[in-house]
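Listing of run08.cif, mmCIF, C-alpha atoms
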```cif
data_final
loop_
_atom_site.group_PDB
_atom_site.id
_atom_site.type_symbol
_atom_site.label_atom_id
_atom_site.label_comp_id
_atom_site.auth_asym_id
_atom_site.auth_seq_id
_atom_site.Cartn_x
_atom_site.Cartn_y
_atom_site.Cartn_z
ATOM 1 C CA MET A 803 87.922 -8.566 57.805
ATOM 2 C CA SER A 804 85.489 -7.902 60.682
ATOM 3 C CA GLU A 805 81.909 -9.119 60.552
ATOM 4 C CA TYR A 806 79.050 -6.984 61.862
ATOM 5 C CA TYR A 807 76.466 -9.630 62.700
ATOM 6 C CA THR A 808 74.628 -7.773 65.455
ATOM 7 C CA LEU A 809 74.434 -4.438 63.631
ATOM 8 C CA GLY A 810 73.613 -6.073 60.291
ATOM 9 C CA ALA A 811 70.773 -8.084 61.799
ATOM 10 C CA GLN A 812 69.245 -4.996 63.433
ATOM 11 C CA LEU A 813 69.356 -2.682 60.416
ATOM 12 C CA PRO A 814 65.969 -1.801 58.919
ATOM 13 C CA MET A 815 65.379 -2.903 55.337
ATOM 14 C CA LEU A 816 65.953 -0.206 52.725
ATOM 15 C CA LYS A 817 63.815 -0.228 49.594
ATOM 16 C CA LYS A 818 64.728 1.393 46.317
ATOM 17 C CA GLY A 819 62.885 4.680 45.895
ATOM 18 C CA ASP A 820 61.416 4.583 49.413
ATOM 19 C CA TYR A 821 62.981 7.868 50.479
ATOM 20 C CA ARG A 822 60.008 9.272 52.394
ATOM 21 C CA THR A 823 59.617 6.644 55.092
ATOM 22 C CA HIS A 824 63.076 5.374 56.118
ATOM 23 C CA ALA A 825 63.753 6.332 59.742
ATOM 24 C CA LEU A 826 67.507 5.775 60.090
ATOM 25 C CA THR A 827 69.783 8.622 58.989
ATOM 26 C CA SER A 828 73.244 8.096 57.548
ATOM 27 C CA LYS A 829 74.659 10.169 60.417
ATOM 28 C CA ASP A 830 73.089 7.923 63.051
ATOM 29 C CA PHE A 831 74.195 4.838 61.173
ATOM 30 C CA VAL A 832 77.827 5.943 60.923
ATOM 31 C CA GLU A 833 77.959 6.922 64.601
ATOM 32 C CA THR A 834 76.703 3.451 65.540
ATOM 33 C CA LEU A 835 79.054 1.758 63.077
ATOM 34 C CA PHE A 836 82.084 3.647 64.394
ATOM 35 C CA GLN A 837 81.457 2.196 67.835
ATOM 36 C CA GLN A 838 82.210 -1.257 66.419
ATOM 37 C CA THR A 839 84.667 -0.804 63.552
ATOM 38 C CA THR A 840 88.322 -1.746 63.495
ATOM 39 C CA LYS A 841 90.827 0.948 62.536
ATOM 40 C CA ARG A 842 91.100 -0.471 59.010
ATOM 41 C CA ASP A 843 87.324 -0.596 58.519
ATOM 42 C CA ARG A 844 86.881 2.914 59.899
ATOM 43 C CA GLN A 845 89.374 4.162 57.299
ATOM 44 C CA GLN A 846 87.227 2.638 54.549
ATOM 45 C CA VAL A 847 84.114 4.393 55.847
ATOM 46 C CA GLU A 848 86.012 7.690 56.068
ATOM 47 C CA LEU A 849 87.216 7.270 52.493
ATOM 48 C CA LEU A 850 83.580 7.240 51.456
ATOM 49 C CA LEU A 851 82.677 10.193 53.673
ATOM 50 C CA LEU A 852 85.476 12.338 52.209
ATOM 51 C CA ARG A 853 83.108 13.103 49.340
ATOM 52 C CA GLU A 854 81.325 15.624 51.559
ATOM 53 C CA ASP A 855 84.643 17.211 52.578
ATOM 54 C CA ASN A 856 85.521 17.554 48.893
ATOM 55 C CA THR A 857 82.293 19.420 48.203
ATOM 56 C CA LEU A 858 82.804 21.719 51.180
ATOM 57 C CA LEU A 859 86.470 22.315 50.290
ATOM 58 C CA LEU A 860 85.553 23.528 46.808
ATOM 59 C CA GLN A 861 82.790 25.727 48.223
ATOM 60 C CA LEU A 862 85.200 27.331 50.713
ATOM 61 C CA LEU A 863 87.754 28.028 47.992
ATOM 62 C CA GLN A 864 85.168 29.647 45.741
ATOM 63 C CA ASP A 865 83.199 31.430 48.462
ATOM 64 C CA ASP A 866 84.747 32.237 51.831
ATOM 65 C CA SER A 867 81.289 32.742 53.361
ATOM 66 C CA ALA A 868 80.325 29.102 52.711
ATOM 67 C CA THR A 869 79.664 26.961 55.769
ATOM 68 C CA ALA A 870 79.313 23.280 56.622
ATOM 69 C CA GLN A 871 75.823 21.793 56.701
ATOM 70 C CA LYS A 872 74.705 20.272 59.989
ATOM 71 C CA GLU A 873 73.082 17.221 58.414
ATOM 72 C CA LYS A 874 76.223 16.345 56.429
ATOM 73 C CA LEU A 875 78.881 13.880 57.596
ATOM 74 C CA TYR A 876 82.458 15.153 57.344
ATOM 75 C CA VAL A 877 85.804 13.554 58.088
ATOM 76 C CA LEU A 878 87.723 16.830 58.405
ATOM 77 C CA GLY A 879 85.013 19.458 58.606
ATOM 78 C CA GLU A 880 84.977 23.203 58.058
ATOM 79 C CA GLU A 881 87.603 24.298 60.609
ATOM 80 C CA LYS A 882 90.282 21.887 59.394
ATOM 81 C CA LEU A 883 89.540 22.645 55.755
ATOM 82 C CA ARG A 884 89.863 26.373 56.393
ATOM 83 C CA THR A 885 93.187 25.700 58.121
ATOM 84 C CA LEU A 886 94.340 23.760 55.055
ATOM 85 C CA ILE A 887 93.427 26.597 52.701
ATOM 86 C CA ASP A 888 94.927 29.299 54.923
ATOM 87 C CA SER A 889 98.198 27.417 55.439
ATOM 88 C CA ILE A 890 98.741 26.748 51.738
ATOM 89 C CA ARG A 891 97.779 30.310 50.785
ATOM 90 C CA LYS A 892 100.321 31.740 53.253
ATOM 91 C CA ARG A 893 102.989 29.309 52.021
ATOM 92 C CA LEU A 894 102.443 30.372 48.421
ATOM 93 C CA GLU A 895 102.519 34.041 49.399
ATOM 94 C CA ALA A 896 105.764 33.509 51.340
ATOM 95 C CA GLU A 897 107.345 31.734 48.375
ATOM 96 C CA HIS A 898 106.181 34.480 46.034
ATOM 97 C CA ASN A 899 107.619 37.234 48.226
ATOM 98 C CA ALA A 900 110.931 35.466 48.983
ATOM 99 C CA VAL A 901 113.992 37.378 47.808
ATOM 100 C CA THR A 902 116.088 34.254 47.181
ATOM 101 C CA ILE A 903 115.341 30.538 46.967
ATOM 102 C CA TYR A 904 117.456 30.080 50.105
ATOM 103 C CA GLN A 905 115.363 32.414 52.253
ATOM 104 C CA GLU A 906 113.791 30.740 55.260
ATOM 105 C CA LEU A 907 110.049 31.014 54.860
ATOM 106 C CA ASP A 908 107.680 31.781 57.703
ATOM 107 C CA TYR A 909 104.181 30.303 57.359
ATOM 108 C CA PRO A 910 101.980 27.914 59.388
ATOM 109 C CA ARG A 911 102.911 24.267 58.756
ATOM 110 C CA LEU A 912 100.233 21.643 58.268
ATOM 111 C CA PRO A 913 100.164 18.807 60.806
ATOM 112 C CA LYS A 914 101.296 15.514 59.302
ATOM 113 C CA GLY A 915 98.885 12.684 58.704
ATOM 114 C CA ILE A 916 95.730 14.815 58.840
ATOM 115 C CA TYR A 917 95.097 15.823 55.246
ATOM 116 C CA PRO A 918 94.963 13.475 52.237
ATOM 117 C CA GLN A 919 97.685 14.344 49.739
ATOM 118 C CA TYR A 920 95.198 14.858 46.902
ATOM 119 C CA MET A 921 93.565 17.685 48.891
ATOM 120 C CA ILE A 922 96.912 19.388 49.493
ATOM 121 C CA ASP A 923 97.816 19.081 45.818
ATOM 122 C CA PHE A 924 94.423 20.346 44.684
ATOM 123 C CA VAL A 925 94.345 23.392 46.963
ATOM 124 C CA THR A 926 97.919 24.246 45.925
ATOM 125 C CA THR A 927 97.023 24.058 42.230
ATOM 126 C CA TYR A 928 93.816 26.030 42.709
ATOM 127 C CA LEU A 929 95.433 28.865 44.686
ATOM 128 C CA GLU A 930 98.507 29.050 42.445
ATOM 129 C CA GLU A 931 96.371 29.397 39.347
ATOM 130 C CA GLN A 932 94.126 31.967 41.016
ATOM 131 C CA MET A 933 97.167 34.027 42.038
ATOM 132 C CA LYS A 934 98.604 33.861 38.520
ATOM 133 C CA GLU A 935 95.153 34.315 36.926
ATOM 134 C CA VAL A 936 95.666 31.154 34.904
ATOM 135 C CA LYS A 937 92.607 30.012 32.953
ATOM 136 C CA GLN A 938 92.680 26.244 32.642
ATOM 137 C CA PRO A 939 90.576 24.309 30.110
ATOM 138 C CA TYR A 940 89.166 22.049 32.829
ATOM 139 C CA PHE A 941 86.712 22.438 35.691
ATOM 140 C CA TYR A 942 88.165 22.419 39.200
ATOM 141 C CA SER A 943 85.414 20.087 40.403
ATOM 142 C CA ASP A 944 86.594 17.522 37.843
ATOM 143 C CA LEU A 945 90.222 17.971 38.873
ATOM 144 C CA LEU A 946 89.301 17.399 42.525
ATOM 145 C CA LEU A 947 87.199 14.354 41.622
ATOM 146 C CA MET A 948 90.087 12.860 39.647
ATOM 147 C CA GLY A 949 92.487 13.327 42.579
ATOM 148 C CA TYR A 950 89.976 11.811 44.975
ATOM 149 C CA ALA A 951 89.288 8.835 42.695
ATOM 150 C CA SER A 952 93.028 8.144 42.424
ATOM 151 C CA TYR A 953 93.363 8.373 46.211
ATOM 152 C CA VAL A 954 90.566 5.826 46.684
ATOM 153 C CA GLN A 955 92.200 3.479 44.166
ATOM 154 C CA LYS A 956 95.342 3.596 46.297
ATOM 155 C CA HIS A 957 93.833 3.339 49.783
ATOM 156 C CA GLY A 958 90.421 1.741 49.318
ATOM 157 C CA ASN A 959 89.509 -1.937 49.513
ATOM 158 C CA ARG A 960 88.306 -3.874 46.470
ATOM 159 C CA PHE A 961 84.685 -2.793 46.895
ATOM 160 C CA LEU A 962 85.449 0.931 47.173
ATOM 161 C CA ARG A 963 87.919 0.847 44.289
ATOM 162 C CA LYS A 964 85.278 -0.794 42.113
ATOM 163 C CA TRP A 965 82.523 1.556 43.255
ATOM 164 C CA PHE A 966 84.418 4.804 42.768
ATOM 165 C CA ALA A 967 85.710 3.666 39.387
ATOM 166 C CA LEU A 968 82.064 3.147 38.412
ATOM 167 C CA GLU A 969 80.973 6.576 39.648
ATOM 168 C CA TYR A 970 83.911 8.270 37.927
ATOM 169 C CA ASP A 971 83.166 6.403 34.688
ATOM 170 C CA ILE A 972 79.479 7.351 34.774
ATOM 171 C CA ALA A 973 80.392 11.018 35.282
ATOM 172 C CA ALA A 974 82.797 10.832 32.319
ATOM 173 C CA ILE A 975 80.185 9.127 30.086
ATOM 174 C CA PHE A 976 77.591 11.833 30.682
ATOM 175 C CA ALA A 977 80.242 14.532 30.255
ATOM 176 C CA ALA A 978 81.120 13.055 26.852
ATOM 177 C CA MET A 979 77.477 12.877 25.794
ATOM 178 C CA THR A 980 76.915 16.474 26.907
ATOM 179 C CA ALA A 981 79.970 17.560 24.929
ATOM 180 C CA ASP A 982 78.639 15.755 21.849
ATOM 181 C CA GLN A 983 75.212 17.327 22.221
ATOM 182 C CA PHE A 984 76.463 20.896 22.520
ATOM 183 C CA LYS A 985 79.574 20.574 20.315
ATOM 184 C CA LEU A 986 81.946 21.211 23.204
ATOM 185 C CA ASN A 987 85.605 20.309 23.641
ATOM 186 C CA ARG A 988 85.740 16.901 25.356
ATOM 187 C CA GLU A 989 89.235 17.641 26.701
ATOM 188 C CA GLN A 990 87.623 20.147 29.070
ATOM 189 C CA TYR A 991 85.271 17.620 30.611
ATOM 190 C CA ILE A 992 87.091 14.255 30.654
ATOM 191 C CA LEU A 993 90.369 14.142 32.579
ATOM 192 C CA GLY A 994 90.712 10.411 33.269
ATOM 193 C CA THR A 995 93.524 8.309 31.819
ATOM 194 C CA SER A 996 91.867 4.891 31.436
ATOM 195 C CA THR A 997 91.145 3.337 28.038
ATOM 196 C CA LEU A 998 87.475 4.199 28.472
ATOM 197 C CA HIS A 999 88.240 7.847 29.166
ATOM 198 C CA GLN A 1000 90.638 8.058 26.232
ATOM 199 C CA LEU A 1001 87.975 6.678 23.876
ATOM 200 C CA LEU A 1002 85.380 9.031 25.361
ATOM 201 C CA ARG A 1003 87.656 11.982 24.602
ATOM 202 C CA GLU A 1004 87.926 10.707 21.026
ATOM 203 C CA GLY A 1005 84.176 10.157 20.787
ATOM 204 C CA ASN A 1006 84.871 6.591 19.677
ATOM 205 C CA TRP A 1007 81.625 4.947 20.825
ATOM 206 C CA HIS A 1008 82.125 1.986 18.489
ATOM 207 C CA GLU A 1009 85.333 0.837 20.194
ATOM 208 C CA ILE A 1010 83.869 1.515 23.627
ATOM 209 C CA ALA A 1011 81.256 -1.175 22.987
ATOM 210 C CA TYR A 1012 84.021 -3.825 23.090
ATOM 211 C CA LEU A 1013 85.419 -2.726 26.468
ATOM 212 C CA PRO A 1014 84.494 -4.466 29.759
ATOM 213 C CA GLU A 1015 82.546 -1.284 30.555
ATOM 214 C CA GLY A 1016 80.692 -1.482 27.241
ATOM 215 C CA GLU A 1017 77.390 -2.775 28.646
ATOM 216 C CA MET A 1018 77.379 -0.144 31.384
ATOM 217 C CA VAL A 1019 78.065 2.588 28.822
ATOM 218 C CA ASN A 1020 75.165 1.273 26.722
ATOM 219 C CA GLN A 1021 72.866 1.442 29.757
ATOM 220 C CA MET A 1022 73.924 5.035 30.480
ATOM 221 C CA ARG A 1023 73.306 6.054 26.856
ATOM 222 C CA LYS A 1024 69.781 4.646 27.078
ATOM 223 C CA ILE A 1025 69.189 6.546 30.323
ATOM 224 C CA ALA A 1026 70.505 9.723 28.681
ATOM 225 C CA GLU A 1027 67.623 9.563 26.182
ATOM 226 C CA GLU A 1028 65.308 10.614 29.019
ATOM 227 C CA LYS A 1029 64.710 14.360 28.664
ATOM 228 C CA ASP A 1030 63.489 14.942 32.210
ATOM 229 C CA LEU A 1031 66.679 15.442 34.243
ATOM 230 C CA ALA A 1032 65.081 14.379 37.530
ATOM 231 C CA ILE A 1033 63.874 11.103 36.033
ATOM 232 C CA ARG A 1034 67.281 10.575 34.437
ATOM 233 C CA GLU A 1035 69.052 11.034 37.787
ATOM 234 C CA GLU A 1036 66.596 8.667 39.415
ATOM 235 C CA ARG A 1037 67.306 5.969 36.813
ATOM 236 C CA ILE A 1038 71.054 6.355 37.300
ATOM 237 C CA ASP A 1039 70.557 5.851 41.047
ATOM 238 C CA GLU A 1040 68.318 2.839 40.365
ATOM 239 C CA TYR A 1041 71.100 1.353 38.247
ATOM 240 C CA LYS A 1042 73.591 1.906 41.076
ATOM 241 C CA TRP A 1043 71.166 0.496 43.629
ATOM 242 C CA ASP A 1044 70.801 -2.731 41.640
ATOM 243 C CA LEU A 1045 74.592 -3.091 41.524
ATOM 244 C CA LEU A 1046 74.749 -2.591 45.294
ATOM 245 C CA ASP A 1047 72.164 -5.334 45.740
ATOM 246 C CA GLU A 1048 74.298 -7.678 43.646
ATOM 247 C CA GLU A 1049 77.357 -6.821 45.727
ATOM 248 C CA THR A 1050 75.745 -7.843 49.025
ATOM 249 C CA PHE A 1051 73.424 -10.619 47.840
ATOM 250 C CA THR A 1052 75.373 -13.200 49.852
ATOM 251 C CA ASP A 1053 77.586 -10.813 51.839
ATOM 252 C CA ILE A 1054 75.393 -9.098 54.412
ATOM 253 C CA PHE A 1055 77.571 -8.682 57.505
ATOM 254 C CA SER A 1056 81.008 -7.563 56.242
ATOM 255 C CA ILE A 1057 82.344 -3.999 56.088
ATOM 256 C CA ASN A 1058 81.403 -3.994 52.400
ATOM 257 C CA ALA A 1059 77.797 -4.661 53.399
ATOM 258 C CA MET A 1060 78.000 -1.748 55.844
ATOM 259 C CA LEU A 1061 79.466 0.513 53.139
ATOM 260 C CA THR A 1062 76.703 -0.587 50.784
ATOM 261 C CA TYR A 1063 74.084 0.239 53.386
ATOM 262 C CA LEU A 1064 75.617 3.692 53.860
ATOM 263 C CA LEU A 1065 75.609 4.307 50.105
ATOM 264 C CA LYS A 1066 71.947 3.337 49.927
ATOM 265 C CA LEU A 1067 71.105 5.660 52.813
ATOM 266 C CA GLN A 1068 72.889 8.492 51.018
ATOM 267 C CA ILE A 1069 70.918 7.791 47.835
ATOM 268 C CA LEU A 1070 67.628 7.874 49.752
ATOM 269 C CA GLU A 1071 68.582 11.052 51.611
ATOM 270 C CA ARG A 1072 69.611 12.706 48.371
ATOM 271 C CA TRP A 1073 66.200 12.048 46.891
ATOM 272 C CA GLU A 1074 64.510 13.147 50.078
ATOM 273 C CA ARG A 1075 66.282 16.503 49.782
ATOM 274 C CA LEU A 1076 65.490 16.738 46.078
ATOM 275 C CA ASP A 1077 61.849 15.937 46.770
ATOM 276 C CA LYS A 1078 61.763 18.705 49.365
ATOM 277 C CA VAL A 1079 63.433 21.171 47.006
ATOM 278 C CA GLN A 1080 61.135 20.216 44.152
ATOM 279 C CA GLY A 1081 58.162 20.558 46.506
ATOM 280 C CA GLU A 1082 59.302 24.045 47.513
ATOM 281 C CA GLN A 1083 59.804 24.959 43.860
ATOM 282 C CA ARG A 1084 56.322 23.721 42.994
ATOM 283 C CA PHE A 1085 54.906 25.751 45.909
ATOM 284 C CA LYS A 1086 56.748 28.876 44.738
ATOM 285 C CA THR A 1087 55.478 28.291 41.209
ATOM 286 C CA ILE A 1088 51.904 27.987 42.482
ATOM 287 C CA VAL A 1089 52.266 31.125 44.620
ATOM 288 C CA SER A 1090 53.830 32.980 41.695
ATOM 289 C CA SER A 1091 50.983 31.835 39.478
ATOM 290 C CA LEU A 1092 48.394 32.904 42.039
ATOM 291 C CA ASN A 1093 50.116 36.253 42.458
ATOM 292 C CA SER A 1094 50.122 36.692 38.707
ATOM 293 C CA GLU A 1095 46.443 35.816 38.499
ATOM 294 C CA PHE A 1096 45.733 38.150 41.422
ATOM 295 C CA ARG A 1097 47.609 40.979 39.709
ATOM 296 C CA GLU A 1098 45.677 40.384 36.498
ATOM 297 C CA GLU A 1099 42.388 40.334 38.384
ATOM 298 C CA MET A 1100 43.329 43.572 40.156
ATOM 299 C CA GLN A 1101 44.210 45.171 36.843
ATOM 300 C CA ASP A 1102 40.862 44.106 35.415
ATOM 301 C CA PHE A 1103 39.086 45.381 38.535
ATOM 302 C CA LYS A 1104 40.881 48.745 38.331
ATOM 303 C CA LYS A 1105 40.081 48.930 34.636
ATOM 304 C CA GLN A 1106 36.421 48.264 35.362
ATOM 305 C CA LEU A 1107 36.434 50.966 38.070
ATOM 306 C CA LYS A 1108 37.971 53.480 35.665
ATOM 307 C CA GLN A 1109 35.442 52.600 32.988
ATOM 308 C CA ALA A 1110 32.601 52.898 35.503
ATOM 309 C CA ALA A 1111 33.910 56.259 36.735
ATOM 310 C CA LYS A 1112 34.279 57.509 33.157
ATOM 311 C CA ALA A 1113 30.774 56.374 32.286
ATOM 312 C CA LYS A 1114 29.444 58.119 35.401
ATOM 313 C CA ARG A 1115 31.210 61.377 34.469
ATOM 314 C CA ILE A 1116 29.772 61.252 30.961
ATOM 315 C CA ASP A 1117 26.266 60.533 32.305
ATOM 316 C CA THR A 1118 26.517 63.428 34.792
ATOM 317 C CA LYS A 1119 27.679 65.766 32.036
ATOM 318 C CA HIS A 1120 24.753 64.814 29.819
ATOM 319 C CA THR A 1121 22.330 65.372 32.757
ATOM 320 C CA HIS A 1122 23.673 68.888 33.396
ATOM 321 C CA GLU A 1123 23.491 69.768 29.698
ATOM 322 C CA SER A 1124 19.880 68.666 29.599
#
```

Once you've parsed the file, please lay out its structure as structure tokens.
Amino acid sequence: MSEYYTLGAQLPMLKKGDYRTHALTSKDFVETLFQQTTKRDRQQVELLLLREDNTLLLQLLQDDSATAQKEKLYVLGEEKLRTLIDSIRKRLEAEHNAVTIYQELDYPRLPKGIYPQYMIDFVTTYLEEQMKEVKQPYFYSDLLLMGYASYVQKHGNRFLRKWFALEYDIAAIFAAMTADQFKLNREQYILGTSTLHQLLREGNWHEIAYLPEGEMVNQMRKIAEEKDLAIREERIDEYKWDLLDEETFTDIFSINAMLTYLLKLQILERWERLDKVQGEQRFKTIVSSLNSEFREEMQDFKKQLKQAAKAKRIDTKHTHES
């Protein structure tokens, strides 16, 4: 495993919750890191970055007008993802229109070694079910996440396997609690096959307490008591941040330390975007409120003018009669 002493020593300190003042962007960090990584280490970083490709892939499938965001880091990017979708769609159409199973099919072939198998499988399932108008009991975002998590467990190092298992478990825990709260079918929200996921589908919280993940589940249930969703998300990220600190307490120059730093940057940037969005929403609320008050004041002013005009007409009438 390579050590990144020079880069690690030069990296600015990141503080939990300090998302307004950090200067280094995740994009700049990755570009610098890629100048030094081995092929194996670069693959680990790209495994982490595939999360953004997953989000974009789902957006492109659901809305052809969707586009990549400039500030996001992608491994494949919009053009390659569109090629993936187009190639699989044409293959499915060719298979559907084939007269016999022996007919040679004409459709663009995907280049080998470019696309992760879970993406190919997911796009195939999605397009097949859309063509057949199949209504599945699950959400496609969950199906994609499950395929991605399995892919990381196969190709990721120990740190990434552990980290993505945690993120997948946390998502499943909150899905189960949401299902309990609104009396929904857990089968629709929890697709994992681990013991934890099986017990979550059953709603067996008592047995979950005895699992290795029991303490983490207990922490998530406490966080779920927070009614403010923004505060809840912040506490989840704080929990993750603390785990990242534990991971690199004595390991500050390895690829795992670099992956941890990237994850922290992504957390800070996420909250920076949320803060900006929330700020814009607050501004719109204020403007809307001011507009509402202005409209009310104008209505009152118009009402007063009408009353004044009416009073003047009555007074003039009385004067003429006199």

Given the file shown, determine the residues that the PyMOL selection byres ((chain A and resi 878-882) around 9) selects; report them as JSON, numbers by chain.
{"A": [852, 854, 855, 858, 859, 862, 869, 870, 875, 876, 877, 883, 884, 885, 886, 887, 916, 917]}

Can you write out the residues you just picked, keeping C-alpha atoms, as an mmCIF file, keeping the file's coordinate frame?
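This went into again24.cif:
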```
data_model
loop_
_atom_site.group_PDB
_atom_site.id
_atom_site.type_symbol
_atom_site.label_atom_id
_atom_site.label_comp_id
_atom_site.auth_asym_id
_atom_site.auth_seq_id
_atom_site.Cartn_x
_atom_site.Cartn_y
_atom_site.Cartn_z
ATOM 1 C CA LEU A 852 85.476 12.338 52.209
ATOM 2 C CA GLU A 854 81.325 15.624 51.559
ATOM 3 C CA ASP A 855 84.643 17.211 52.578
ATOM 4 C CA LEU A 858 82.804 21.719 51.180
ATOM 5 C CA LEU A 859 86.470 22.315 50.290
ATOM 6 C CA LEU A 862 85.200 27.331 50.713
ATOM 7 C CA THR A 869 79.664 26.961 55.769
ATOM 8 C CA ALA A 870 79.313 23.280 56.622
ATOM 9 C CA LEU A 875 78.881 13.880 57.596
ATOM 10 C CA TYR A 876 82.458 15.153 57.344
ATOM 11 C CA VAL A 877 85.804 13.554 58.088
ATOM 12 C CA LEU A 883 89.540 22.645 55.755
ATOM 13 C CA ARG A 884 89.863 26.373 56.393
ATOM 14 C CA THR A 885 93.187 25.700 58.121
ATOM 15 C CA LEU A 886 94.340 23.760 55.055
ATOM 16 C CA ILE A 887 93.427 26.597 52.701
ATOM 17 C CA ILE A 916 95.730 14.815 58.840
ATOM 18 C CA TYR A 917 95.097 15.823 55.246
#
```

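For the point (89.7, 1.9, 25.4), the residues with an atom at a distance of at most 8 Å are Ser996, Thr997, Leu998, His999, Gln1000, Leu1001, Glu1009, Ile1010 and Leu1013 of chain A, counting only C-alpha atoms.
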
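Minimum atom-to-atom distances from A:Ile972, A:Ile1033, A:Val832, A:Ala967 to Val847 in chain A were compared using all atoms listed in the file, and the lowest value belongs to A:Val832.
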
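Nearest to Thr840 in chain A of all the residues A:Glu989, A:Glu805, A:Asp1044, A:Glu1049 is A:Glu805, counting all atoms listed in the file.
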
Can you tell me, as a PDB file with C-alpha atoms, in the coordinates of the input, which residues sit within 12 Å of (95.4, 23.5, 26.3) in the file's frame, using only C-alpha atoms?
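Saved the output as selection36.pdb:
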```pdb
ATOM      1  CA  VAL A 936      95.666  31.154  34.904  1.00  0.00           C
ATOM      2  CA  LYS A 937      92.607  30.012  32.953  1.00  0.00           C
ATOM      3  CA  GLN A 938      92.680  26.244  32.642  1.00  0.00           C
ATOM      4  CA  PRO A 939      90.576  24.309  30.110  1.00  0.00           C
ATOM      5  CA  TYR A 940      89.166  22.049  32.829  1.00  0.00           C
ATOM      6  CA  ASN A 987      85.605  20.309  23.641  1.00  0.00           C
ATOM      7  CA  ARG A 988      85.740  16.901  25.356  1.00  0.00           C
ATOM      8  CA  GLU A 989      89.235  17.641  26.701  1.00  0.00           C
ATOM      9  CA  GLN A 990      87.623  20.147  29.070  1.00  0.00           C
TER      10      GLN A 990
END
```

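Across the structure, CA of Pro910 in chain A and CA of Ile922 in chain A are spaced 14.0 Å apart.
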
Can you spell out as a PyMOL selection string the set of residues that the PyMOL selection byres ((chain A and resi 1016) around 12) selects in the structure I just provided?
chain A and resi 971-972+975+997-998+1001-1002+1006-1015+1017-1023

Any chance you could resolve the PyMOL selection byres ((chain A and resi 979) around 10) against this file and give the residues as a ChimeraX atom specification?
/A:974-978,980-986,988,1002,1005,1022-1023,1026

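Relative to CA of Leu863 in chain A, CA of Ala900 in chain A is found at 24.4 Å.
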
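Take CA of Ile1069 in chain A and CA of Glu833 in chain A: the distance between them is 18.2 Å.
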
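Counting all atoms listed in the file, the residue from A:Glu895, A:Arg853, A:Lys1029, A:Gln905 that sits nearest to Leu946 in chain A is A:Arg853.
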
Given all atoms listed in the file as the basis, pick out the residue of A:Gln871, A:Arg891, A:Phe961, A:Thr1050 nearest to Glu931 in chain A.
A:Arg891

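Checking A:Ile890, A:Leu816, A:Leu849, A:Ala1032 one by one against Tyr950 in chain A, counting only C-alpha atoms, you find the shortest gap at A:Leu849.
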
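Each of A:Ile1057, A:Leu993, A:Ala973, A:Ala896 was compared to Tyr807 in chain A using only C-alpha atoms, and A:Ile1057 turns out to be the nearest.
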